[in-house]
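A.B. asks: Quick one: structure below, then a few questions.
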Amino acid sequence: MPATLPAPPAGAQAVHRALGLLHCFHDNGPDLSASELARRMGLSVSTAHRLARTLVATGFLDQDERTARYRLGPAVAELGQLSFHQRGLHLAAPELALLARRTGATADLAIRSGPHAVILVGGSVLPSTGLGLRRPLHSTALGKALLAWPSPTEPPLHGPLPAYTDRTLTEPAALEAELARTRERGYALNDGESAPQVRTLAVPVLDHTRTARFALAVRSTPTRLTDDALPRTLAHATACAQALTILLLPPDQRP
């Protein structure tokens, strides 16, 4: 399926295509050939090859000399590390670890990227790769928290939405009603909507405009995260979100 990005401004097609090429590597799969990149982007092989070679020359892609296949390059890793520290995300890990100890659950912090919540810090980040998960917005508590307090620049989701279990909300109207309930109570729930036997509570990390800059989730099972346990879990998650507001947002952007 072609990589999807917002339509580019006039005169920016080459930049748009180059960024789309980088987005082809989001799934952390194997190295990609020029023909595979072309198919994912909906481009000719010669155009994909030309773009890829330009990105190799600037360090954003690497090419295996033996197989001629491409992978993300050192410039992406360097910018990723710089962004991670500039956002202060290295300061979030101790707070999430404390939340996990207090609740006995997995604690994660995510941002929105298109139709996904991308986990940046927390128990779901793989120690072997340092990578988190990209989770659909509509079927996860993290995603619902990000959707319930959206940035004005982020487009709404369009249906029909894919089902992951028989509990997944697949109709936009049903999702909007759930987001209204989320705003009213101040937290989001995923009760078996992304996978069986998973229950997650999530709260937003809000800025002064009431936009969710991040979402914070506590994930467990229905037998552990019971209705009786929700108030205590919510109190711990809210306290953690308040601490992250101080750590991650500049003073002039805090509520």
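Order determines the names: the first chain of the structure tokens is A, the second B, and so forth; residues in each chain are numbered 1 upward, and ligands are numbered 1 upward as they are shown.
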Report the residues of range 13-246 of chain A whose backbone DSSP state falls under alpha helix (DSSP H), written as a PyMOL selection string.

C.D. replies: chain A and resi 13-23+34-41+45-57+74-86+92-103+141-148+172-185+230-246

A.B. asks: Taking 3 positions as the minimum chain separation for residues in the same chain, which residues sit within 7 Å of range 115-126 of chain A when counting only C-alpha atoms? Answer as a ChimeraX atom specification.

C.D. replies: /A:93,96,106-112,129-137,142-143,157

A.B. asks: Those selected residues, please, written with C-alpha atoms and delivered as a PDB file, in the first residue's frame.

C.D. replies:
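Below is the file result24.pdb, written as the result:
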ATOM      1  CA  ALA A  93      11.291   6.975  32.126  1.00  0.00           C
ATOM      2  CA  LEU A  96       6.748   5.725  34.226  1.00  0.00           C
ATOM      3  CA  THR A 106       2.699  -1.687  32.229  1.00  0.00           C
ATOM      4  CA  ALA A 107       3.027   2.109  31.901  1.00  0.00           C
ATOM      5  CA  ASP A 108       3.603   3.781  28.518  1.00  0.00           C
ATOM      6  CA  LEU A 109       3.813   7.277  27.053  1.00  0.00           C
ATOM      7  CA  ALA A 110       2.779   7.966  23.450  1.00  0.00           C
ATOM      8  CA  ILE A 111       2.277  10.703  20.870  1.00  0.00           C
ATOM      9  CA  ARG A 112       0.046  10.779  17.814  1.00  0.00           C
ATOM     10  CA  THR A 129      15.792  -2.252  19.785  1.00  0.00           C
ATOM     11  CA  GLY A 130      14.672   0.742  21.852  1.00  0.00           C
ATOM     12  CA  LEU A 131      11.516   0.815  19.738  1.00  0.00           C
ATOM     13  CA  GLY A 132       7.988   1.129  21.003  1.00  0.00           C
ATOM     14  CA  LEU A 133       4.761   0.129  19.309  1.00  0.00           C
ATOM     15  CA  ARG A 134       2.569   1.862  16.739  1.00  0.00           C
ATOM     16  CA  ARG A 135      -0.987   1.251  17.878  1.00  0.00           C
ATOM     17  CA  PRO A 136      -4.252   2.213  16.114  1.00  0.00           C
ATOM     18  CA  LEU A 137      -5.873   5.260  17.656  1.00  0.00           C
ATOM     19  CA  LEU A 142      -3.741   5.827  24.356  1.00  0.00           C
ATOM     20  CA  GLY A 143      -5.317   6.622  21.007  1.00  0.00           C
ATOM     21  CA  LEU A 157     -10.212   9.600  11.553  1.00  0.00           C
TER      22      LEU A 157
END

A.B. asks: Report, in Å to a single decimal, how far apart CA of Ala148 in chain A and CA of His23 in chain A are.

C.D. replies: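 Interatomic distance here is 25.6 Å.
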
A.B. asks: Between A:Tyr164, A:Pro204, A:Ser44, A:Gly88, which one has atoms that come closest to Lys144 in chain A, using only C-alpha atoms?

C.D. replies: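 That would be A:Pro204, the residue with the smallest distance to Lys144 in chain A.
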
A.B. asks: Which of range 14-210 of chain A end up as strand (DSSP E) when DSSP is run on this backbone - answer as an MDAnalysis selection string?

C.D. replies: chainID A and resid 61:63 70:72 106:113 116:122 134:136 188:191 199:206

A.B. asks: Of the candidates A:Ala188, A:Ala174, A:Leu51, A:Ala202, which one gets nearest to His236 in chain A if we count only C-alpha atoms?

C.D. replies: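 Selected residue with least distance to His236 in chain A: A:Ala202.
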
A.B. asks: Closest to Tyr187 in chain A among A:Leu82, A:Ala215, A:Ala243, A:Met41, using only C-alpha atoms?

C.D. replies: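 Using only C-alpha atoms, Tyr187 in chain A sits closest to A:Ala215.
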
A.B. asks: Nearest to Asn190 in chain A: which of A:Gln242, A:Ser220, A:Ser139, A:Ser33 is it, counting only C-alpha atoms?

C.D. replies: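 Result for the nearest residue to Asn190 in chain A: A:Ser139.
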
A.B. asks: With distances taken over only C-alpha atoms, which of A:Pro231, A:Pro255, A:Pro94, A:Gly80 is nearest to Gly186 in chain A?

C.D. replies: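 Result for the nearest residue to Gly186 in chain A: A:Pro231.
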
A.B. asks: Here is a test: counting only C-alpha atoms, which residue of A:Glu184, A:Glu78, A:Asp207, A:Asp191 is nearest to Pro250 in chain A?

C.D. replies: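 Between A:Glu184, A:Glu78, A:Asp207, A:Asp191, the residue approaching Pro250 in chain A most closely is A:Asp207.
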
A.B. asks: Calculate how many Å separate CA of Arg254 in chain A from CA of Arg101 in chain A, rounding to one decimal.

C.D. replies: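 Taking CA of Arg254 in chain A and CA of Arg101 in chain A, their separation equals 26.6 Å.
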
A.B. asks: What does the structure give for the distance between CA of His208 in chain A and CA of Cys240 in chain A, in Å to one decimal?

C.D. replies: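 Between CA of His208 in chain A and CA of Cys240 in chain A the gap works out to 17.5 Å.
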
A.B. asks: Need the shell around His49 in chain A: protein/DNA/RNA residues with any atom at most 9 Å away, counting only C-alpha atoms. Skip same-chain ones fewer than 5 positions apart. Format as a ChimeraX atom specification?

C.D. replies: /A:33-35,37-38,44,54
